[in-house]
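> For reference, this is target-v4.pdb, and it has PDB, C-alpha atoms and all ligand atoms.
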ATOM      1  CA  MET X   1     -83.191  39.404 -60.517  1.00  0.00           C
ATOM      2  CA  PHE X   2     -79.713  37.941 -60.385  1.00  0.00           C
ATOM      3  CA  THR X   3     -78.334  41.442 -59.966  1.00  0.00           C
ATOM      4  CA  LYS X   4     -80.784  42.153 -57.194  1.00  0.00           C
ATOM      5  CA  ALA X   5     -79.694  39.064 -55.244  1.00  0.00           C
ATOM      6  CA  ILE X   6     -76.054  40.048 -55.515  1.00  0.00           C
ATOM      7  CA  ALA X   7     -76.853  43.539 -54.340  1.00  0.00           C
ATOM      8  CA  ALA X   8     -78.609  42.110 -51.286  1.00  0.00           C
ATOM      9  CA  ILE X   9     -75.615  39.900 -50.447  1.00  0.00           C
ATOM     10  CA  LEU X  10     -73.195  42.766 -50.889  1.00  0.00           C
ATOM     11  CA  ALA X  11     -75.294  44.978 -48.648  1.00  0.00           C
ATOM     12  CA  LEU X  12     -74.967  42.637 -45.658  1.00  0.00           C
ATOM     13  CA  PRO X  13     -71.343  43.313 -44.699  1.00  0.00           C
ATOM     14  CA  LEU X  14     -71.927  47.017 -45.199  1.00  0.00           C
ATOM     15  CA  VAL X  15     -74.803  46.982 -42.728  1.00  0.00           C
ATOM     16  CA  ALA X  16     -72.770  45.019 -40.202  1.00  0.00           C
ATOM     17  CA  GLN X  17     -69.894  47.441 -40.583  1.00  0.00           C
ATOM     18  CA  PHE X  18     -72.170  50.418 -40.087  1.00  0.00           C
ATOM     19  CA  VAL X  19     -73.679  48.995 -36.904  1.00  0.00           C
ATOM     20  CA  SER X  20     -70.312  48.168 -35.342  1.00  0.00           C
ATOM     21  CA  ALA X  21     -68.689  51.458 -36.351  1.00  0.00           C
ATOM     22  CA  ASP X  22     -67.824  53.655 -33.423  1.00  0.00           C
ATOM     23  CA  THR X  23     -69.836  56.837 -33.246  1.00  0.00           C
ATOM     24  CA  CYS X  24     -67.827  59.803 -32.063  1.00  0.00           C
ATOM     25  CA  THR X  25     -69.686  61.770 -29.394  1.00  0.00           C
ATOM     26  CA  ARG X  26     -67.298  64.716 -29.026  1.00  0.00           C
ATOM     27  CA  THR X  27     -64.373  66.185 -30.899  1.00  0.00           C
ATOM     28  CA  TYR X  28     -61.602  68.693 -30.334  1.00  0.00           C
ATOM     29  CA  THR X  29     -59.755  70.869 -32.846  1.00  0.00           C
ATOM     30  CA  ALA X  30     -56.021  70.863 -32.141  1.00  0.00           C
ATOM     31  CA  GLN X  31     -54.351  74.188 -31.499  1.00  0.00           C
ATOM     32  CA  ALA X  32     -50.722  75.260 -31.501  1.00  0.00           C
ATOM     33  CA  GLY X  33     -48.927  74.130 -28.366  1.00  0.00           C
ATOM     34  CA  ASP X  34     -51.320  71.300 -27.558  1.00  0.00           C
ATOM     35  CA  ILE X  35     -50.044  68.035 -26.189  1.00  0.00           C
ATOM     36  CA  CYS X  36     -52.213  64.977 -25.657  1.00  0.00           C
ATOM     37  CA  ASP X  37     -52.389  65.361 -21.880  1.00  0.00           C
ATOM     38  CA  SER X  38     -53.321  69.050 -22.025  1.00  0.00           C
ATOM     39  CA  ILE X  39     -56.134  68.200 -24.454  1.00  0.00           C
ATOM     40  CA  SER X  40     -57.223  65.408 -22.124  1.00  0.00           C
ATOM     41  CA  ALA X  41     -57.141  67.527 -18.974  1.00  0.00           C
ATOM     42  CA  ALA X  42     -59.057  70.410 -20.581  1.00  0.00           C
ATOM     43  CA  ASN X  43     -61.766  68.147 -21.979  1.00  0.00           C
ATOM     44  CA  ASN X  44     -62.263  65.553 -19.248  1.00  0.00           C
ATOM     45  CA  VAL X  45     -60.993  62.686 -21.364  1.00  0.00           C
ATOM     46  CA  SER X  46     -58.507  60.188 -19.994  1.00  0.00           C
ATOM     47  CA  THR X  47     -55.028  59.732 -21.441  1.00  0.00           C
ATOM     48  CA  TYR X  48     -55.883  56.109 -22.239  1.00  0.00           C
ATOM     49  CA  GLN X  49     -59.210  56.897 -23.885  1.00  0.00           C
ATOM     50  CA  LEU X  50     -57.721  59.597 -26.127  1.00  0.00           C
ATOM     51  CA  ALA X  51     -55.040  57.113 -27.216  1.00  0.00           C
ATOM     52  CA  VAL X  52     -57.489  54.261 -27.914  1.00  0.00           C
ATOM     53  CA  VAL X  53     -59.955  56.392 -29.826  1.00  0.00           C
ATOM     54  CA  ASN X  54     -57.098  57.714 -31.973  1.00  0.00           C
ATOM     55  CA  VAL X  55     -55.099  54.527 -32.556  1.00  0.00           C
ATOM     56  CA  GLY X  56     -53.524  54.839 -35.994  1.00  0.00           C
ATOM     57  CA  ILE X  57     -54.192  58.600 -36.014  1.00  0.00           C
ATOM     58  CA  ILE X  58     -52.175  59.936 -33.071  1.00  0.00           C
ATOM     59  CA  ASP X  59     -48.858  58.126 -32.691  1.00  0.00           C
ATOM     60  CA  GLU X  60     -47.595  56.521 -29.482  1.00  0.00           C
ATOM     61  CA  GLY X  61     -45.468  59.525 -28.502  1.00  0.00           C
ATOM     62  CA  CYS X  62     -48.249  61.995 -29.415  1.00  0.00           C
ATOM     63  CA  ASP X  63     -45.869  64.012 -31.552  1.00  0.00           C
ATOM     64  CA  ASN X  64     -47.917  64.129 -34.767  1.00  0.00           C
ATOM     65  CA  LEU X  65     -50.819  66.381 -33.730  1.00  0.00           C
ATOM     66  CA  VAL X  66     -51.867  68.616 -36.615  1.00  0.00           C
ATOM     67  CA  VAL X  67     -53.099  72.131 -35.780  1.00  0.00           C
ATOM     68  CA  GLY X  68     -56.639  72.585 -37.086  1.00  0.00           C
ATOM     69  CA  GLN X  69     -57.377  68.875 -37.306  1.00  0.00           C
ATOM     70  CA  ASN X  70     -60.412  67.495 -35.480  1.00  0.00           C
ATOM     71  CA  TYR X  71     -59.788  64.601 -33.120  1.00  0.00           C
ATOM     72  CA  CYS X  72     -62.436  62.357 -31.634  1.00  0.00           C
ATOM     73  CA  LEU X  73     -62.405  62.345 -27.819  1.00  0.00           C
ATOM     74  CA  GLY X  74     -64.966  59.650 -27.031  1.00  0.00           C
ATOM     75  CA  TRP X  75     -67.192  56.997 -28.558  1.00  0.00           C
ATOM     76  CA  GLN X  76     -70.873  56.585 -27.833  1.00  0.00           C
ATOM     77  CA  GLY X  77     -71.398  54.284 -24.853  1.00  0.00           C
ATOM     78  CA  GLN X  78     -67.633  54.135 -24.199  1.00  0.00           C
ATOM     79  CA  ASP X  79     -66.908  57.658 -23.112  1.00  0.00           C
ATOM     80  CA  CYS X  80     -65.595  58.315 -19.613  1.00  0.00           C
ATOM     81  CA  THR X  81     -65.989  61.959 -18.614  1.00  0.00           C
ATOM     82  CA  THR X  82     -65.169  61.529 -14.920  1.00  0.00           C
ATOM     83  CA  THR X  83     -61.463  62.246 -14.857  1.00  0.00           C
ATOM     84  CA  TYR X  84     -58.608  63.192 -12.562  1.00  0.00           C
ATOM     85  CA  VAL X  85     -55.239  64.777 -13.367  1.00  0.00           C
ATOM     86  CA  VAL X  86     -52.367  63.009 -11.571  1.00  0.00           C
ATOM     87  CA  GLN X  87     -50.402  65.114  -9.080  1.00  0.00           C
ATOM     88  CA  GLN X  88     -47.003  64.562  -7.503  1.00  0.00           C
ATOM     89  CA  TYR X  89     -46.942  61.770  -4.858  1.00  0.00           C
ATOM     90  CA  ASP X  90     -50.217  60.248  -6.074  1.00  0.00           C
ATOM     91  CA  ASP X  91     -50.477  56.495  -6.122  1.00  0.00           C
ATOM     92  CA  CYS X  92     -53.377  54.256  -7.064  1.00  0.00           C
ATOM     93  CA  TYR X  93     -54.697  54.001  -3.490  1.00  0.00           C
ATOM     94  CA  ILE X  94     -54.742  57.772  -3.086  1.00  0.00           C
ATOM     95  CA  VAL X  95     -56.385  58.379  -6.476  1.00  0.00           C
ATOM     96  CA  SER X  96     -59.003  55.683  -5.872  1.00  0.00           C
ATOM     97  CA  SER X  97     -59.918  56.644  -2.367  1.00  0.00           C
ATOM     98  CA  ASN X  98     -60.139  60.349  -3.261  1.00  0.00           C
ATOM     99  CA  ALA X  99     -62.503  59.412  -6.091  1.00  0.00           C
ATOM    100  CA  GLY X 100     -64.544  57.081  -3.872  1.00  0.00           C
ATOM    101  CA  ILE X 101     -63.820  54.022  -6.022  1.00  0.00           C
ATOM    102  CA  ASN X 102     -61.793  50.839  -5.565  1.00  0.00           C
ATOM    103  CA  THR X 103     -58.477  50.127  -7.279  1.00  0.00           C
ATOM    104  CA  THR X 104     -60.027  47.275  -9.314  1.00  0.00           C
ATOM    105  CA  ILE X 105     -62.260  49.649 -11.219  1.00  0.00           C
ATOM    106  CA  LEU X 106     -59.414  52.198 -11.482  1.00  0.00           C
ATOM    107  CA  TYR X 107     -57.273  49.563 -13.238  1.00  0.00           C
ATOM    108  CA  GLU X 108     -60.150  48.495 -15.488  1.00  0.00           C
ATOM    109  CA  ASN X 109     -60.681  52.045 -16.687  1.00  0.00           C
ATOM    110  CA  ASN X 110     -56.942  52.750 -16.957  1.00  0.00           C
ATOM    111  CA  PRO X 111     -55.361  49.518 -18.230  1.00  0.00           C
ATOM    112  CA  GLN X 112     -52.068  51.256 -18.996  1.00  0.00           C
ATOM    113  CA  ILE X 113     -51.253  51.464 -15.261  1.00  0.00           C
ATOM    114  CA  ASN X 114     -48.659  48.872 -14.288  1.00  0.00           C
ATOM    115  CA  GLU X 115     -49.044  46.409 -11.437  1.00  0.00           C
ATOM    116  CA  ASP X 116     -47.341  48.442  -8.718  1.00  0.00           C
ATOM    117  CA  CYS X 117     -48.758  51.743 -10.028  1.00  0.00           C
ATOM    118  CA  SER X 118     -45.258  53.155 -10.524  1.00  0.00           C
ATOM    119  CA  ASN X 119     -45.827  54.416 -14.075  1.00  0.00           C
ATOM    120  CA  ILE X 120     -48.479  57.077 -13.454  1.00  0.00           C
ATOM    121  CA  TYR X 121     -47.011  60.508 -14.143  1.00  0.00           C
ATOM    122  CA  ILE X 122     -47.751  64.103 -13.241  1.00  0.00           C
ATOM    123  CA  GLY X 123     -50.317  65.493 -15.671  1.00  0.00           C
ATOM    124  CA  GLU X 124     -51.611  62.099 -16.816  1.00  0.00           C
ATOM    125  CA  VAL X 125     -55.402  62.029 -16.925  1.00  0.00           C
ATOM    126  CA  LEU X 126     -57.123  59.022 -15.362  1.00  0.00           C
ATOM    127  CA  CYS X 127     -60.737  57.898 -15.660  1.00  0.00           C
ATOM    128  CA  THR X 128     -62.105  57.751 -12.108  1.00  0.00           C
ATOM    129  CA  ALA X 129     -65.650  56.608 -12.884  1.00  0.00           C
ATOM    130  CA  ASN X 130     -67.220  53.909 -10.705  1.00  0.00           C
ATOM    131  CA  THR X 131     -68.222  51.740 -13.677  1.00  0.00           C
ATOM    132  CA  VAL X 132     -66.149  50.597 -16.653  1.00  0.00           C
ATOM    133  CA  GLN X 133     -66.685  53.272 -19.282  1.00  0.00           C
ATOM    134  CA  VAL X 134     -63.629  53.330 -21.556  1.00  0.00           C
ATOM    135  CA  PRO X 135     -63.275  51.355 -24.800  1.00  0.00           C
ATOM    136  CA  PRO X 136     -61.327  48.083 -24.583  1.00  0.00           C
ATOM    137  CA  ALA X 137     -57.758  48.125 -25.851  1.00  0.00           C
ATOM    138  CA  PRO X 138     -57.271  46.960 -29.435  1.00  0.00           C
ATOM    139  CA  SER X 139     -56.130  43.329 -29.367  1.00  0.00           C
ATOM    140  CA  GLY X 140     -52.462  42.799 -28.597  1.00  0.00           C
ATOM    141  CA  THR X 141     -51.800  46.372 -27.485  1.00  0.00           C
ATOM    142  CA  THR X 142     -52.303  48.616 -24.506  1.00  0.00           C
ATOM    143  CA  PRO X 143     -52.206  52.214 -25.680  1.00  0.00           C
ATOM    144  CA  ALA X 144     -50.650  54.900 -23.476  1.00  0.00           C
ATOM    145  CA  THR X 145     -48.305  52.580 -21.582  1.00  0.00           C
ATOM    146  CA  THR X 146     -45.270  54.741 -22.382  1.00  0.00           C
ATOM    147  CA  ILE X 147     -44.422  57.588 -20.040  1.00  0.00           C
ATOM    148  CA  PRO X 148     -43.829  60.650 -22.257  1.00  0.00           C
ATOM    149  CA  ALA X 149     -40.147  61.651 -22.364  1.00  0.00           C
ATOM    150  CA  THR X 150     -40.880  65.001 -20.739  1.00  0.00           C
ATOM    151  CA  ALA X 151     -43.115  63.605 -17.981  1.00  0.00           C
ATOM    152  CA  THR X 152     -42.228  63.084 -14.324  1.00  0.00           C
ATOM    153  CA  PRO X 153     -43.438  59.907 -12.621  1.00  0.00           C
ATOM    154  CA  ALA X 154     -45.819  60.816  -9.789  1.00  0.00           C
ATOM    155  CA  ASN X 155     -44.574  58.087  -7.522  1.00  0.00           C
ATOM    156  CA  PRO X 156     -41.692  56.130  -9.037  1.00  0.00           C
ATOM    157  CA  ASP X 157     -41.594  53.604  -6.181  1.00  0.00           C
ATOM    158  CA  GLY X 158     -45.230  52.663  -6.765  1.00  0.00           C
ATOM    159  CA  ASP X 159     -47.539  51.075  -4.223  1.00  0.00           C
ATOM    160  CA  LEU X 160     -44.855  49.108  -2.440  1.00  0.00           C
ATOM    161  CA  PRO X 161     -46.261  47.119   0.480  1.00  0.00           C
ATOM    162  CA  TRP X 162     -43.706  48.341   3.003  1.00  0.00           C
ATOM    163  CA  CYS X 163     -44.713  51.959   2.357  1.00  0.00           C
ATOM    164  CA  ASP X 164     -47.954  51.291   4.216  1.00  0.00           C
ATOM    165  CA  GLU X 165     -46.209  50.427   7.465  1.00  0.00           C
TER     166      GLU X 165
HETATM  167  C1  LIG N 201     -64.796  68.778 -16.670  1.00  0.00           C
HETATM  168  O1  LIG N 201     -65.271  68.335 -15.415  1.00  0.00           O
HETATM  169  C2  LIG N 201     -65.323  69.354 -14.444  1.00  0.00           C
HETATM  170  C3  LIG N 201     -65.686  68.732 -13.109  1.00  0.00           C
HETATM  171  O2  LIG N 201     -66.829  67.937 -13.216  1.00  0.00           O
HETATM  172  C4  LIG N 201     -66.321  70.410 -14.903  1.00  0.00           C
HETATM  173  O3  LIG N 201     -66.377  71.470 -13.975  1.00  0.00           O
HETATM  174  C5  LIG N 201     -65.894  70.956 -16.259  1.00  0.00           C
HETATM  175  O4  LIG N 201     -66.867  71.844 -16.746  1.00  0.00           O
HETATM  176  C6  LIG N 201     -65.708  69.835 -17.251  1.00  0.00           C
HETATM  177  N1  LIG N 201     -65.141  70.371 -18.485  1.00  0.00           N
HETATM  178  C7  LIG N 201     -65.524  69.964 -19.692  1.00  0.00           C
HETATM  179  C8  LIG N 201     -64.841  70.623 -20.861  1.00  0.00           C
HETATM  180  O5  LIG N 201     -66.377  69.098 -19.841  1.00  0.00           O
HETATM  181  C1  LIG N 202     -65.153  47.658  -6.972  1.00  0.00           C
HETATM  182  O1  LIG N 202     -66.198  48.551  -7.258  1.00  0.00           O
HETATM  183  C2  LIG N 202     -67.114  48.065  -8.225  1.00  0.00           C
HETATM  184  C3  LIG N 202     -68.091  49.194  -8.546  1.00  0.00           C
HETATM  185  O2  LIG N 202     -68.731  49.662  -7.388  1.00  0.00           O
HETATM  186  C4  LIG N 202     -67.798  46.822  -7.684  1.00  0.00           C
HETATM  187  O3  LIG N 202     -68.699  46.319  -8.645  1.00  0.00           O
HETATM  188  C5  LIG N 202     -66.749  45.784  -7.391  1.00  0.00           C
HETATM  189  O4  LIG N 202     -67.359  44.664  -6.801  1.00  0.00           O
HETATM  190  C6  LIG N 202     -65.691  46.339  -6.462  1.00  0.00           C
HETATM  191  N1  LIG N 202     -64.612  45.356  -6.382  1.00  0.00           N
HETATM  192  C7  LIG N 202     -64.001  45.074  -5.236  1.00  0.00           C
HETATM  193  C8  LIG N 202     -62.889  44.059  -5.334  1.00  0.00           C
HETATM  194  O5  LIG N 202     -64.270  45.619  -4.183  1.00  0.00           O
END
Could you take the file, read its structure, and then write that structure out as structure tokens?


Amino acid sequence: MFTKAIAAILALPLVAQFVSADTCTRTYTAQAGDICDSISAANNVSTYQLAVVNVGIIDEGCDNLVVGQNYCLGWQGQDCTTTYVVQQYDDCYIVSSNAGINTTILYENNPQINEDCSNIYIGEVLCTANTVQVPPAPSGTTPATTIPATATPANPDGDLPWCDE
């Protein structure tokens, strides 16, 4: 009986852990030549979401992909599949208005974008859904804030007010 009680107590944290565990809804098997943004663009997963879902698995510079390894692309209930690949000269107003959304929701789904939108780069994949669909950033970090060394900023001057005049 004593043993049974202990077993019941021990089972509690396990149940809680199971319920809060993130369920992967789709995966991708890495192939030679892949980079994070090509995987994202081909699978309708945002750059930010791929980074969050793989925190501790894919490093910040995305230079540790292993060919043949399966990577999770999205978690159940937190999986944005409405995406857009950034082109040259894009800024946050252009991306939002083309997607029919406001910039508030664009920033909420893509928290790595800086305040003046000057750090989006060509080939980056943004979530352009009209509701918040991506997982929150792990506390104290914002994944995918670094522009890859080989990337070209789409609009290095950002959304500067005097550009609208
Ligand atoms: C990505 O989204 C586009 C546009 O909605 C769609 O045509 C395409 O089939 C999607 N690709 C995947 C892999 O889901
Ligand atoms: C932006 O769009 C969302 C979704 O439609 C809406 O809930 C929100 O009120 C809008 N925010 C602003 C500042 O317009």

> Can you list what the PyMOL selection byres (((chain X and resi 84) around 9) and not hetatm) grabs from this structure, as a VMD selection string?

chain X and resid 41 44 46 82 to 83 85 to 86 95 99 124 to 128

> Please compute the CA of Tyr89 in chain X-CA of Ala154 in chain X distance, one decimal, in Å.

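Going from CA of Tyr89 in chain X over to CA of Ala154 in chain X covers 5.1 Å.
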
> Which of these, X:Asn119, X:Thr103, X:Asn114, X:Ser97, has the shortest distance to ligand LIG 202 (chain N) once you count all atoms listed in the file?

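Closest candidate: X:Thr103.
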
> Enclose the full set of atoms of range 137-155 of chain X listed in the file within a box whose edges lie along x, y and z, apply 4 Å of padding to each of the six sides, and report centre and edge lengths in Å to one decimal as AutoDock Vina command-line options.


--center_x -49.0 --center_y 53.9 --center_z -18.5 --size_x 25.6 --size_y 30.2 --size_z 29.9

> So that I can check the surroundings of range 129-140 of chain X, please list as number ranges by chain every protein, DNA and RNA residue that reaches within 6 Å of it, counting only C-alpha atoms and ignoring chain neighbours fewer than 5 positions away.

X: 78-80, 82, 101, 109

> In terms of the shortest atom-to-atom distance over all atoms listed in the file, which of X:Gly100, X:Pro156, X:Gly77, X:Gly61 is closest to Thr47 in chain X?

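The answer is X:Gly61, which sits nearest to Thr47 in chain X.
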
> Calculate how many Å separate atom C4 of ligand LIG 202 (chain N) from CA of Glu108 in chain X, rounding to one decimal.

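Calculated distance between atom C4 of ligand LIG 202 (chain N) and CA of Glu108 in chain X is 11.1 Å.
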
> Using the chain letters and numbers from the file, which residues does the PyMOL selection byres (((chain X and resi 158) around 8) and not hetatm) grab, as a list in words?

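With the PyMOL selection byres (((chain X and resi 158) around 8) and not hetatm) on this model, the match is Asp91, Asp116, Cys117, Ser118, Asn119, Asn155, Pro156, Asp157, Asp159 and Leu160 of chain X.
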
> Grab the residues selected above and save them as a PDB file, in the coordinates of the input with C-alpha atoms.


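Result saved to part.pdb:
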ATOM      1  CA  ASP X  91     -50.477  56.495  -6.122  1.00  0.00           C
ATOM      2  CA  ASP X 116     -47.341  48.442  -8.718  1.00  0.00           C
ATOM      3  CA  CYS X 117     -48.758  51.743 -10.028  1.00  0.00           C
ATOM      4  CA  SER X 118     -45.258  53.155 -10.524  1.00  0.00           C
ATOM      5  CA  ASN X 119     -45.827  54.416 -14.075  1.00  0.00           C
ATOM      6  CA  ASN X 155     -44.574  58.087  -7.522  1.00  0.00           C
ATOM      7  CA  PRO X 156     -41.692  56.130  -9.037  1.00  0.00           C
ATOM      8  CA  ASP X 157     -41.594  53.604  -6.181  1.00  0.00           C
ATOM      9  CA  ASP X 159     -47.539  51.075  -4.223  1.00  0.00           C
ATOM     10  CA  LEU X 160     -44.855  49.108  -2.440  1.00  0.00           C
TER      11      LEU X 160
END

> Which is closest to ligand LIG 201 (chain N) among X:Glu60, X:Thr81, X:Pro143, X:Trp75, if we use all atoms listed in the file?

X:Thr81

> Using the chain letters and residue numbers of this document, give as number ranges by chain the residues selected by the PyMOL selection byres (((chain X and resi 148) around 12) and not hetatm).

X: 35-37, 47, 59-63, 119-124, 144-147, 149-153

> Kindly give the distance, in Å, that separates CA of Ile94 in chain X and CA of Val52 in chain X, rounded to a single decimal.

25.2 Å

> Quick one: of X:Gln76, X:Asn43, X:Thr25, X:Tyr71, who's nearest to Val55 in chain X, counting all atoms listed in the file?

X:Tyr71

> Using all atoms listed in the file, pick whichever of X:Leu106, X:Ile113, X:Ala30, X:Leu65 has the shortest atom-to-atom distance to ligand LIG 202 (chain N).

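That would be X:Leu106, the residue with the smallest distance to ligand LIG 202 (chain N).
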
> Go through X:Ile57, X:Cys92, X:Leu73, X:Val67 one by one, measure the shortest atom-to-atom distance of each to ligand LIG 201 (chain N) using all atoms listed in the file, and give the residue with the smallest value.

X:Leu73
